[in-house]
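my_file_29.txt follows; it contains compact mmCIF, C-alpha atoms.
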# COMPACT_ATOMS: atom_id res chain seq x y z
CA MET A 1 9.48 10.20 -23.24
CA THR A 2 13.15 11.00 -22.65
CA ALA A 3 15.01 9.50 -19.71
CA PRO A 4 17.16 11.92 -17.70
CA ALA A 5 20.93 11.65 -17.68
CA ARG A 6 22.41 8.49 -16.24
CA ILE A 7 22.67 8.35 -12.46
CA ALA A 8 26.33 8.67 -11.53
CA ARG A 9 27.02 5.73 -9.23
CA PRO A 10 29.69 3.01 -9.14
CA ARG A 11 28.51 -0.11 -10.94
CA THR A 12 28.85 -3.74 -9.87
CA ALA A 13 31.08 -5.95 -11.98
CA ARG A 14 28.49 -8.75 -12.03
CA SER A 15 25.88 -8.88 -14.79
CA SER A 16 22.12 -9.07 -14.28
CA ALA A 17 22.08 -12.69 -15.43
CA GLU A 18 24.86 -13.63 -13.00
CA LEU A 19 23.17 -11.90 -10.07
CA ILE A 20 19.79 -13.52 -10.80
CA LYS A 21 21.42 -16.94 -11.07
CA SER A 22 23.30 -16.43 -7.81
CA GLU A 23 20.05 -15.79 -5.88
CA ALA A 24 18.50 -19.20 -6.55
CA PRO A 25 20.60 -21.33 -4.16
CA VAL A 26 20.41 -18.94 -1.21
CA LEU A 27 17.08 -17.07 -1.37
CA ALA A 28 13.65 -18.46 -0.52
CA HIS A 29 11.63 -18.69 -3.73
CA ASN A 30 8.63 -16.77 -2.42
CA TYR A 31 8.73 -14.18 -5.24
CA HIS A 32 8.78 -14.42 -9.02
CA PRO A 33 10.35 -11.08 -10.01
CA LEU A 34 10.80 -9.80 -13.52
CA PRO A 35 14.32 -10.44 -14.87
CA VAL A 36 15.73 -7.00 -14.08
CA VAL A 37 18.39 -6.21 -11.45
CA ILE A 38 18.05 -2.63 -10.25
CA ALA A 39 21.19 -0.98 -8.91
CA ARG A 40 20.40 2.73 -8.79
CA ALA A 41 17.35 4.98 -8.77
CA GLU A 42 16.29 8.59 -8.64
CA GLY A 43 12.83 10.10 -8.93
CA VAL A 44 10.69 7.94 -11.22
CA TRP A 45 13.65 6.29 -12.96
CA VAL A 46 15.67 3.21 -12.06
CA GLU A 47 18.80 1.79 -13.66
CA ASP A 48 19.98 -1.82 -13.84
CA VAL A 49 23.53 -3.05 -13.36
CA GLU A 50 24.26 -2.69 -17.07
CA GLY A 51 23.08 0.93 -17.07
CA ARG A 52 19.72 0.40 -18.82
CA ARG A 53 17.05 2.89 -17.70
CA TYR A 54 13.46 2.04 -16.76
CA LEU A 55 10.44 4.11 -15.81
CA ASP A 56 9.09 2.81 -12.51
CA MET A 57 5.31 2.53 -12.90
CA LEU A 58 4.83 0.47 -9.74
CA ALA A 59 6.49 2.61 -7.06
CA GLY A 60 6.98 -0.30 -4.67
CA TYR A 61 3.22 -0.92 -4.41
CA SER A 62 2.88 2.75 -3.29
CA ALA A 63 5.85 2.61 -0.89
CA LEU A 64 7.58 5.07 -3.25
CA ASN A 65 4.76 7.60 -3.63
CA PHE A 66 7.34 10.40 -3.54
CA GLY A 67 9.73 8.72 -5.94
CA HIS A 68 13.09 7.17 -5.32
CA ARG A 69 15.39 9.12 -3.01
CA HIS A 70 13.22 12.22 -2.65
CA PRO A 71 15.67 14.92 -1.51
CA ASP A 72 13.60 16.04 1.50
CA LEU A 73 13.30 12.47 2.76
CA ILE A 74 16.95 11.64 2.14
CA GLU A 75 17.98 14.80 4.00
CA ALA A 76 15.75 13.88 6.95
CA ALA A 77 17.23 10.38 7.06
CA HIS A 78 20.84 11.61 6.84
CA ARG A 79 20.25 14.18 9.55
CA GLN A 80 18.77 11.57 11.87
CA LEU A 81 21.48 9.00 11.10
CA ASP A 82 23.97 11.47 12.50
CA GLN A 83 22.01 11.79 15.75
CA LEU A 84 20.16 8.66 16.87
CA THR A 85 18.69 5.61 15.12
CA LEU A 86 17.23 3.31 17.79
CA THR A 87 16.35 3.34 21.46
CA SER A 88 13.53 0.75 21.60
CA ARG A 89 10.36 1.85 23.36
CA ALA A 90 11.99 1.07 26.71
CA PHE A 91 12.91 4.77 26.64
CA HIS A 92 11.46 7.95 25.22
CA HIS A 93 13.15 9.71 22.30
CA ASP A 94 12.89 13.22 20.95
CA ARG A 95 11.28 12.45 17.56
CA LEU A 96 8.32 10.28 18.54
CA ALA A 97 5.83 12.82 19.90
CA GLY A 98 6.16 15.06 16.85
CA PHE A 99 5.66 12.15 14.47
CA ALA A 100 2.55 10.92 16.28
CA ALA A 101 1.04 14.40 16.58
CA GLY A 102 1.65 15.11 12.90
CA LEU A 103 0.10 11.83 11.78
CA ALA A 104 -2.93 12.31 14.02
CA GLU A 105 -3.48 15.79 12.60
CA LEU A 106 -3.04 14.62 9.00
CA THR A 107 -5.60 11.84 9.39
CA GLY A 108 -8.11 13.56 11.67
CA LEU A 109 -7.75 10.92 14.36
CA ASP A 110 -6.31 11.02 17.87
CA MET A 111 -3.72 8.41 18.81
CA VAL A 112 -0.96 6.51 17.03
CA LEU A 113 0.50 3.04 17.51
CA PRO A 114 3.72 2.98 15.44
CA MET A 115 4.81 -0.30 13.89
CA ASN A 116 7.05 -1.32 10.97
CA THR A 117 5.38 -3.35 8.22
CA GLY A 118 1.89 -3.22 6.79
CA ALA A 119 1.10 -6.72 8.02
CA GLU A 120 2.12 -5.67 11.53
CA ALA A 121 -0.31 -2.74 11.31
CA VAL A 122 -3.14 -5.08 10.30
CA GLU A 123 -2.35 -7.56 13.06
CA SER A 124 -2.13 -4.71 15.57
CA GLY A 125 -5.41 -3.21 14.38
CA VAL A 126 -7.16 -6.56 14.87
CA LYS A 127 -5.73 -6.82 18.39
CA VAL A 128 -6.90 -3.32 19.30
CA ALA A 129 -10.39 -4.06 17.93
CA ARG A 130 -10.66 -7.30 19.91
CA LYS A 131 -9.49 -5.60 23.11
CA TRP A 132 -12.07 -2.84 22.59
CA ALA A 133 -14.75 -5.46 21.97
CA TYR A 134 -14.09 -7.14 25.32
CA ASP A 135 -13.37 -4.08 27.45
CA VAL A 136 -15.88 -1.62 26.00
CA LYS A 137 -18.55 -3.45 24.00
CA GLY A 138 -18.73 -6.32 26.47
CA ILE A 139 -18.43 -9.27 24.10
CA PRO A 140 -17.74 -12.47 26.10
CA ALA A 141 -14.09 -13.52 26.28
CA ASP A 142 -12.68 -15.09 23.11
CA GLN A 143 -15.95 -14.66 21.18
CA ALA A 144 -15.16 -11.49 19.20
CA THR A 145 -15.41 -11.72 15.41
CA VAL A 146 -14.11 -9.47 12.64
CA ILE A 147 -15.85 -9.21 9.27
CA VAL A 148 -13.69 -8.88 6.15
CA ALA A 149 -14.35 -8.70 2.40
CA SER A 150 -13.74 -11.31 -0.26
CA GLY A 151 -10.83 -10.54 -2.57
CA ASN A 152 -8.98 -8.85 0.30
CA PHE A 153 -5.24 -8.54 0.63
CA HIS A 154 -4.02 -7.44 4.05
CA GLY A 155 -0.70 -9.29 4.21
CA ARG A 156 0.62 -12.83 4.54
CA THR A 157 1.01 -13.59 8.24
CA THR A 158 -0.74 -16.66 9.59
CA THR A 159 -3.65 -14.73 11.05
CA ILE A 160 -4.12 -12.58 7.95
CA ILE A 161 -4.15 -15.49 5.50
CA SER A 162 -6.78 -17.07 7.74
CA PHE A 163 -9.31 -14.67 6.22
CA SER A 164 -7.86 -14.56 2.71
CA ASP A 165 -9.54 -16.33 -0.22
CA ASP A 166 -6.27 -16.50 -2.18
CA ASP A 167 -5.43 -20.21 -2.38
CA THR A 168 -1.80 -19.50 -3.21
CA ALA A 169 -1.37 -17.59 0.05
CA ARG A 170 -3.32 -20.14 2.13
CA ALA A 171 -2.53 -23.61 0.83
CA GLY A 172 -0.19 -25.52 3.11
CA PHE A 173 -0.19 -23.02 5.97
CA GLY A 174 -3.06 -24.15 8.21
CA PRO A 175 -4.46 -24.48 10.79
CA PHE A 176 -5.97 -21.03 10.52
CA THR A 177 -6.91 -18.45 13.11
CA PRO A 178 -10.64 -18.43 13.90
CA GLY A 179 -12.80 -15.38 14.49
CA PHE A 180 -13.27 -13.97 10.98
CA ARG A 181 -16.23 -13.88 8.60
CA VAL A 182 -15.86 -13.16 4.90
CA VAL A 183 -18.59 -11.35 2.95
CA PRO A 184 -18.64 -10.16 -0.68
CA TYR A 185 -16.89 -6.84 -1.29
CA ASN A 186 -19.10 -3.91 -2.22
CA ASP A 187 -22.24 -5.68 -0.92
CA ILE A 188 -23.76 -3.74 1.95
CA ALA A 189 -26.69 -6.16 2.33
CA ALA A 190 -24.33 -9.11 2.84
CA LEU A 191 -22.34 -7.12 5.38
CA GLU A 192 -25.46 -6.18 7.31
CA ALA A 193 -26.59 -9.82 7.39
CA ALA A 194 -23.21 -10.94 8.77
CA ILE A 195 -23.09 -8.54 11.72
CA ASP A 196 -24.25 -9.89 15.06
CA ALA A 197 -23.63 -9.34 18.76
CA THR A 198 -20.10 -10.80 18.52
CA THR A 199 -18.92 -8.40 15.80
CA ALA A 200 -15.99 -6.33 17.00
CA ALA A 201 -15.09 -4.67 13.70
CA VAL A 202 -15.41 -4.55 9.95
CA LEU A 203 -12.01 -4.52 8.22
CA ILE A 204 -11.97 -3.35 4.61
CA GLU A 205 -9.74 -1.83 1.97
CA PRO A 206 -11.50 1.24 0.52
CA ILE A 207 -9.94 0.15 -2.78
CA GLN A 208 -8.74 -3.42 -3.22
CA GLY A 209 -5.28 -3.16 -4.75
CA GLU A 210 -4.12 -6.75 -5.10
CA ALA A 211 -7.53 -7.71 -6.50
CA GLY A 212 -6.88 -5.40 -9.46
CA VAL A 213 -7.69 -1.92 -8.09
CA ARG A 214 -11.33 -2.77 -7.38
CA ILE A 215 -13.24 0.40 -6.53
CA PRO A 216 -16.58 0.06 -4.72
CA ASP A 217 -19.76 1.79 -5.78
CA ASP A 218 -20.26 5.40 -4.74
CA GLY A 219 -21.82 5.45 -1.30
CA TYR A 220 -20.57 2.02 -0.22
CA LEU A 221 -18.01 3.36 2.26
CA THR A 222 -20.57 5.77 3.70
CA ALA A 223 -23.04 2.92 4.10
CA VAL A 224 -20.41 0.78 5.85
CA ARG A 225 -19.65 3.67 8.21
CA ASP A 226 -23.35 4.20 9.00
CA LEU A 227 -23.91 0.48 9.54
CA THR A 228 -20.97 0.03 11.90
CA ARG A 229 -22.06 3.01 13.98
CA ARG A 230 -25.61 1.69 14.22
CA GLU A 231 -24.44 -1.80 15.20
CA ASN A 232 -21.80 -0.55 17.67
CA CYS A 233 -18.80 -2.11 15.97
CA LEU A 234 -15.60 -0.54 14.71
CA LEU A 235 -14.69 0.35 11.14
CA ILE A 236 -11.06 -0.48 10.32
CA ALA A 237 -9.79 0.99 7.04
CA ASP A 238 -6.69 -0.61 5.53
CA GLU A 239 -5.11 2.27 3.59
CA ILE A 240 -1.64 0.76 3.46
CA GLN A 241 -1.64 0.94 -0.35
CA SER A 242 -4.43 3.40 -1.05
CA GLY A 243 -3.44 6.06 1.47
CA LEU A 244 -1.08 9.01 1.61
CA GLY A 245 -1.88 10.71 -1.68
CA ARG A 246 -2.20 7.78 -4.11
CA THR A 247 -5.85 8.35 -5.03
CA GLY A 248 -5.80 12.14 -5.28
CA ARG A 249 -6.77 12.62 -1.64
CA THR A 250 -4.75 12.06 1.51
CA LEU A 251 -6.81 8.92 2.13
CA ALA A 252 -9.09 6.96 -0.18
CA MET A 253 -11.77 7.21 2.52
CA ASP A 254 -11.69 10.99 2.01
CA HIS A 255 -13.50 10.57 -1.32
CA GLU A 256 -16.65 9.95 0.73
CA SER A 257 -15.60 12.02 3.76
CA VAL A 258 -15.62 8.86 5.89
CA VAL A 259 -13.50 8.75 9.05
CA PRO A 260 -12.86 5.20 10.34
CA ASP A 261 -12.42 4.26 13.96
CA ILE A 262 -9.08 2.62 13.15
CA LEU A 263 -6.86 3.53 10.21
CA LEU A 264 -3.99 1.33 9.01
CA LEU A 265 -1.08 3.00 7.21
CA GLY A 266 2.28 1.84 5.89
CA LYS A 267 4.31 1.71 2.67
CA ALA A 268 4.53 5.41 1.66
CA LEU A 269 4.80 6.41 5.34
CA GLY A 270 8.43 5.23 5.22
CA GLY A 271 9.21 7.28 2.13
CA GLY A 272 10.82 4.31 0.39
CA ILE A 273 13.68 4.50 2.90
CA VAL A 274 12.66 2.54 6.00
CA PRO A 275 9.65 0.33 6.81
CA VAL A 276 7.16 2.45 8.77
CA SER A 277 3.56 1.57 9.53
CA ALA A 278 1.00 2.81 12.00
CA VAL A 279 -2.37 2.16 13.54
CA VAL A 280 -4.16 5.48 14.01
CA ALA A 281 -7.39 5.48 15.99
CA ARG A 282 -9.92 7.38 18.02
CA ARG A 283 -8.75 7.99 21.57
CA GLU A 284 -11.47 5.89 23.21
CA VAL A 285 -10.48 2.94 21.00
CA MET A 286 -6.69 3.13 21.29
CA SER A 287 -6.88 3.78 25.03
CA VAL A 288 -7.77 0.13 25.66
CA LEU A 289 -4.10 -0.78 25.29
CA GLY A 290 -1.96 -0.82 28.41
CA PRO A 291 1.79 -1.26 29.00
CA GLY A 292 3.07 -4.67 27.98
CA GLN A 293 -0.01 -5.62 25.95
CA HIS A 294 1.54 -4.83 22.57
CA GLY A 295 4.85 -3.52 21.27
CA SER A 296 7.70 -3.61 18.78
CA THR A 297 11.43 -3.13 19.29
CA PHE A 298 11.72 -1.04 16.13
CA GLY A 299 8.22 0.44 16.10
CA GLY A 300 8.45 4.24 16.18
CA ASN A 301 12.25 4.25 16.22
CA PRO A 302 13.97 7.65 15.80
CA LEU A 303 14.96 7.08 12.16
CA ALA A 304 11.45 5.93 11.25
CA ALA A 305 9.90 8.86 13.09
CA ALA A 306 12.19 11.35 11.34
CA VAL A 307 11.43 10.00 7.87
CA GLY A 308 7.73 9.61 8.68
CA SER A 309 7.57 13.21 9.88
CA ALA A 310 9.15 14.36 6.61
CA VAL A 311 6.52 12.38 4.68
CA ILE A 312 3.79 14.08 6.70
CA ASP A 313 5.31 17.48 5.89
CA LEU A 314 5.21 16.68 2.16
CA LEU A 315 1.57 15.65 2.34
CA ALA A 316 0.59 18.63 4.47
CA THR A 317 1.12 20.93 1.48
CA GLY A 318 -1.52 19.11 -0.58
CA GLU A 319 0.79 19.19 -3.63
CA PHE A 320 1.03 15.45 -4.08
CA GLN A 321 -2.67 14.82 -3.64
CA ALA A 322 -3.36 17.48 -6.30
CA ARG A 323 -0.78 15.97 -8.67
CA ALA A 324 -2.34 12.53 -8.31
CA ALA A 325 -5.79 13.93 -9.01
CA GLU A 326 -4.74 15.90 -12.11
CA LEU A 327 -2.43 13.30 -13.60
CA GLY A 328 -5.05 10.69 -12.83
CA LYS A 329 -7.18 12.33 -15.51
CA VAL A 330 -4.32 11.87 -17.99
CA LEU A 331 -3.99 8.22 -16.99
CA ARG A 332 -7.71 7.59 -17.40
CA ALA A 333 -7.85 9.32 -20.78
CA GLY A 334 -4.88 7.31 -22.02
CA LEU A 335 -6.48 4.04 -20.95
CA GLU A 336 -9.76 5.00 -22.59
CA ASP A 337 -7.84 5.42 -25.85
CA LEU A 338 -6.53 1.87 -25.47
CA THR A 339 -9.89 0.17 -25.00
CA SER A 340 -9.92 -0.68 -28.71
CA HIS A 341 -6.27 -1.77 -28.69
CA GLY A 342 -6.26 -4.73 -26.31
CA VAL A 343 -7.50 -3.18 -23.06
CA THR A 344 -10.84 -4.81 -22.18
CA GLY A 345 -11.47 -2.81 -19.02
CA PHE A 346 -9.81 -0.66 -16.40
CA ARG A 347 -10.37 1.01 -13.04
CA THR A 348 -8.59 4.16 -11.91
CA ARG A 349 -8.58 6.41 -8.87
CA GLY A 350 -5.91 9.10 -8.91
CA LEU A 351 -2.58 7.68 -10.06
CA TRP A 352 -3.63 4.07 -9.56
CA ALA A 353 -4.99 1.76 -12.23
CA GLY A 354 -6.00 -1.85 -12.65
CA ILE A 355 -5.92 -2.70 -16.35
CA ASP A 356 -7.55 -5.80 -17.85
CA ILE A 357 -5.85 -7.09 -20.98
CA ASP A 358 -7.44 -9.19 -23.70
CA PRO A 359 -6.38 -12.74 -22.68
CA SER A 360 -5.67 -13.57 -26.33
CA LEU A 361 -2.70 -11.20 -26.07
CA GLY A 362 -1.21 -13.15 -23.19
CA THR A 363 -1.20 -13.17 -19.40
CA GLY A 364 -0.51 -10.15 -17.25
CA ARG A 365 2.99 -11.51 -16.69
CA THR A 366 3.55 -11.70 -20.45
CA LEU A 367 2.59 -8.07 -20.87
CA CYS A 368 4.86 -7.04 -17.99
CA GLU A 369 7.75 -8.75 -19.76
CA ARG A 370 6.93 -6.89 -22.98
CA LEU A 371 6.79 -3.60 -21.09
CA LEU A 372 10.15 -4.41 -19.55
CA GLN A 373 11.57 -4.42 -23.07
CA GLU A 374 9.97 -0.99 -23.54
CA GLY A 375 11.81 0.29 -20.47
CA ILE A 376 8.69 0.35 -18.28
CA LEU A 377 8.23 -1.54 -15.01
CA VAL A 378 4.74 -2.65 -13.93
CA LYS A 379 3.31 -5.63 -12.03
CA ASP A 380 0.68 -8.14 -12.97
CA THR A 381 -2.00 -9.48 -10.67
CA HIS A 382 -4.62 -12.16 -11.25
CA GLY A 383 -4.97 -13.50 -14.79
CA SER A 384 -4.51 -10.86 -17.48
CA THR A 385 -4.67 -7.81 -15.22
CA ILE A 386 -1.77 -5.43 -14.61
CA ARG A 387 -1.44 -2.56 -12.18
CA MET A 388 0.05 0.88 -12.64
CA ALA A 389 0.91 3.04 -9.65
CA PRO A 390 3.72 5.43 -10.57
CA PRO A 391 5.40 7.79 -8.11
CA LEU A 392 3.30 10.91 -7.59
CA THR A 393 6.30 12.92 -8.82
CA ILE A 394 5.90 11.63 -12.38
CA THR A 395 5.51 14.30 -15.07
CA GLN A 396 2.76 14.34 -17.65
CA GLU A 397 5.33 13.68 -20.38
CA GLU A 398 6.63 10.61 -18.52
CA LEU A 399 3.12 9.33 -17.89
CA GLU A 400 2.14 9.76 -21.53
CA GLY A 401 5.36 7.98 -22.49
CA ALA A 402 4.38 5.03 -20.32
CA LEU A 403 0.96 4.89 -21.95
CA ALA A 404 2.59 4.97 -25.39
CA GLY A 405 4.80 2.09 -24.29
CA LEU A 406 1.73 0.16 -23.16
CA ARG A 407 0.17 0.67 -26.59
CA ARG A 408 3.29 -0.71 -28.26
CA ALA A 409 3.37 -3.69 -25.91
CA LEU A 410 -0.27 -4.46 -26.69
CA THR A 411 0.30 -4.45 -30.43
Do you think you could lay out the structure here as structure tokens?
Amino acid sequence: MTAPARIARPRTARSSAELIKSEAPVLAHNYHPLPVVIARAEGVWVEDVEGRRYLDMLAGYSALNFGHRHPDLIEAAHRQLDQLTLTSRAFHHDRLAGFAAGLAELTGLDMVLPMNTGAEAVESGVKVARKWAYDVKGIPADQATVIVASGNFHGRTTTIISFSDDDTARAGFGPFTPGFRVVPYNDIAALEAAIDATTAAVLIEPIQGEAGVRIPDDGYLTAVRDLTRRENCLLIADEIQSGLGRTGRTLAMDHESVVPDILLLGKALGGGIVPVSAVVARREVMSVLGPGQHGSTFGGNPLAAAVGSAVIDLLATGEFQARAAELGKVLRAGLEDLTSHGVTGFRTRGLWAGIDIDPSLGTGRTLCERLLQEGILVKDTHGSTIRMAPPLTITQEELEGALAGLRRALT
């Protein structure tokens, strides 16, 4: 694996060590990043302040599906920066209708509620589902419930951590928002037993990313869709990480040809340039919202709409979905070769992998630090599991180089 020529950019005079040290007194300590200070990036490569090159095998948790500074996305952003960046939704602007229409067409749904962050999309999706439950299903006021899966990760707002089983995210932040029931993931019988007359929606990730890229059994998503239709409740699919090409399809739900009632998108929708998220839903569901009942100053702003529209154009060609599917085979084959060299298990779907490491070799964090020395950036999750989710623009040579680096780090 050969890194491309150095990115020509002015360099800061401060070292990585100095910059890391200077963060401690002024930044909240809510992250524990690897000791690397990135200053420049292009494609699948990033460069630290000293000029060392690294292969980005995380892609901003799928926010960088198209790589760093994709030329089409940068051009769209520059063009819009020269025209208009923000109006608020107090007024119309000329980019919003095209963005919404494109996203509806791409997803096979009808109406779009543009927001900014993934957590905002989840919160907004829950609000829409509750409003539908009262206005359409007829659930008594304040009695609507939403069923979620154990091991979920939908964000870290107060409401979202109320239905998380991650003690690190929850401890010290109560009291929690009521109205949620947690059932085991990938257990259709448990889900069926939990549904009752108060159930407004079932909210699931088709693949659980933070839990270590947990992929449900074939047929599970179809069964959830059939069950929610039969019981007259909504299916909300959180595709904030799994969507927009990552798994080899536009959406992870597409692997079972399942169309949810409400779809949550984010991360890659902003092209790694601006935060863009969206709730996309069937017309009869989204139509429950009226003026003043929900909003966002920056949601659907002109810059976000321009970049989001360029992302939709990239996905409309099918090129990135096909790349993820084909290179996903290379990723799986490489991990199979490592099952006798410290990898105890793995799960892949497209260019996304959760990799379990023999605990005797160290924690996931330890392995990430070893990979950092190999010039490869990944992220650990629970215990001795790491995740790989490179930009969909990665080449086969670069991907094989990352796998070779993983082998070296394991030994």
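Atom CA of Trp132 of chain A to atom CA of Gly174 of chain A spans 27.2 Å [interatomic distance, one decimal].
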With only C-alpha atoms as the atoms that count, which of A:Ala190, A:His255, A:Val285, A:Thr366 lies nearest to Leu227 of chain A? A:Ala190
Go through A:Ser277, A:Gln80, A:Thr385, A:Asn301 and flag the residue nearest Gly125 of chain A, using only C-alpha atoms for the distances. A:Ser277
Might you pull out every residue within 10 Å of segment 338-347 of chain A, with only C-alpha atoms counted and same-chain residues fewer than 6 positions away left off, and present them as a PyMOL selection string? chain A and resi 212-215+332+353-361+384-387+403-404+406-411
All residues 10 Å or closer to Gly272 of chain A, all atoms listed in the file, same chain fewer than 4 positions away omitted, as JSON, numbers by chain: {"A": [59, 60, 62, 63, 64, 65, 66, 67, 68, 69, 70, 73, 74, 267, 268, 276, 307]}
Between A:Leu269, A:Ile139, A:Leu191, A:Val128, which one has atoms that come closest to Ala305 of chain A, using only C-alpha atoms?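 Using only C-alpha atoms, Ala305 of chain A sits closest to A:Leu269.
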Atom pair atom CA of Gln241 of chain A / atom CA of Pro175 of chain A: separation (Å):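 These atoms are spaced 27.9 Å apart.
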Protein and nucleic acid residues near (-16.5, -8.2, 1.6) (cut-off 10 Å, only C-alpha atoms) as a ChimeraX atom specification: /A:147-152,181-188,190-191,202-205
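Candidate residues A:Cys233, A:Ala144, A:Pro35, A:Asn116 were compared for distance to Glu23 of chain A, and the nearest is A:Pro35, using all atoms listed in the file.
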Mind checking which residues fall within 10 Å of Leu221 of chain A, counting all atoms listed in the file, ignoring those fewer than 2 positions away in the same chain, and posting them as a PyMOL selection string? chain A and resi 186+188+204-206+216-219+223-227+235+237+252-260
Using all atoms listed in the file, determine which residues lie at most 10 Å from Gly98 of chain A, disregarding the query and same-chain residues fewer than 2 positions distant; provide the list as a PyMOL selection string. chain A and resi 94-96+100-104+305-306+308-309
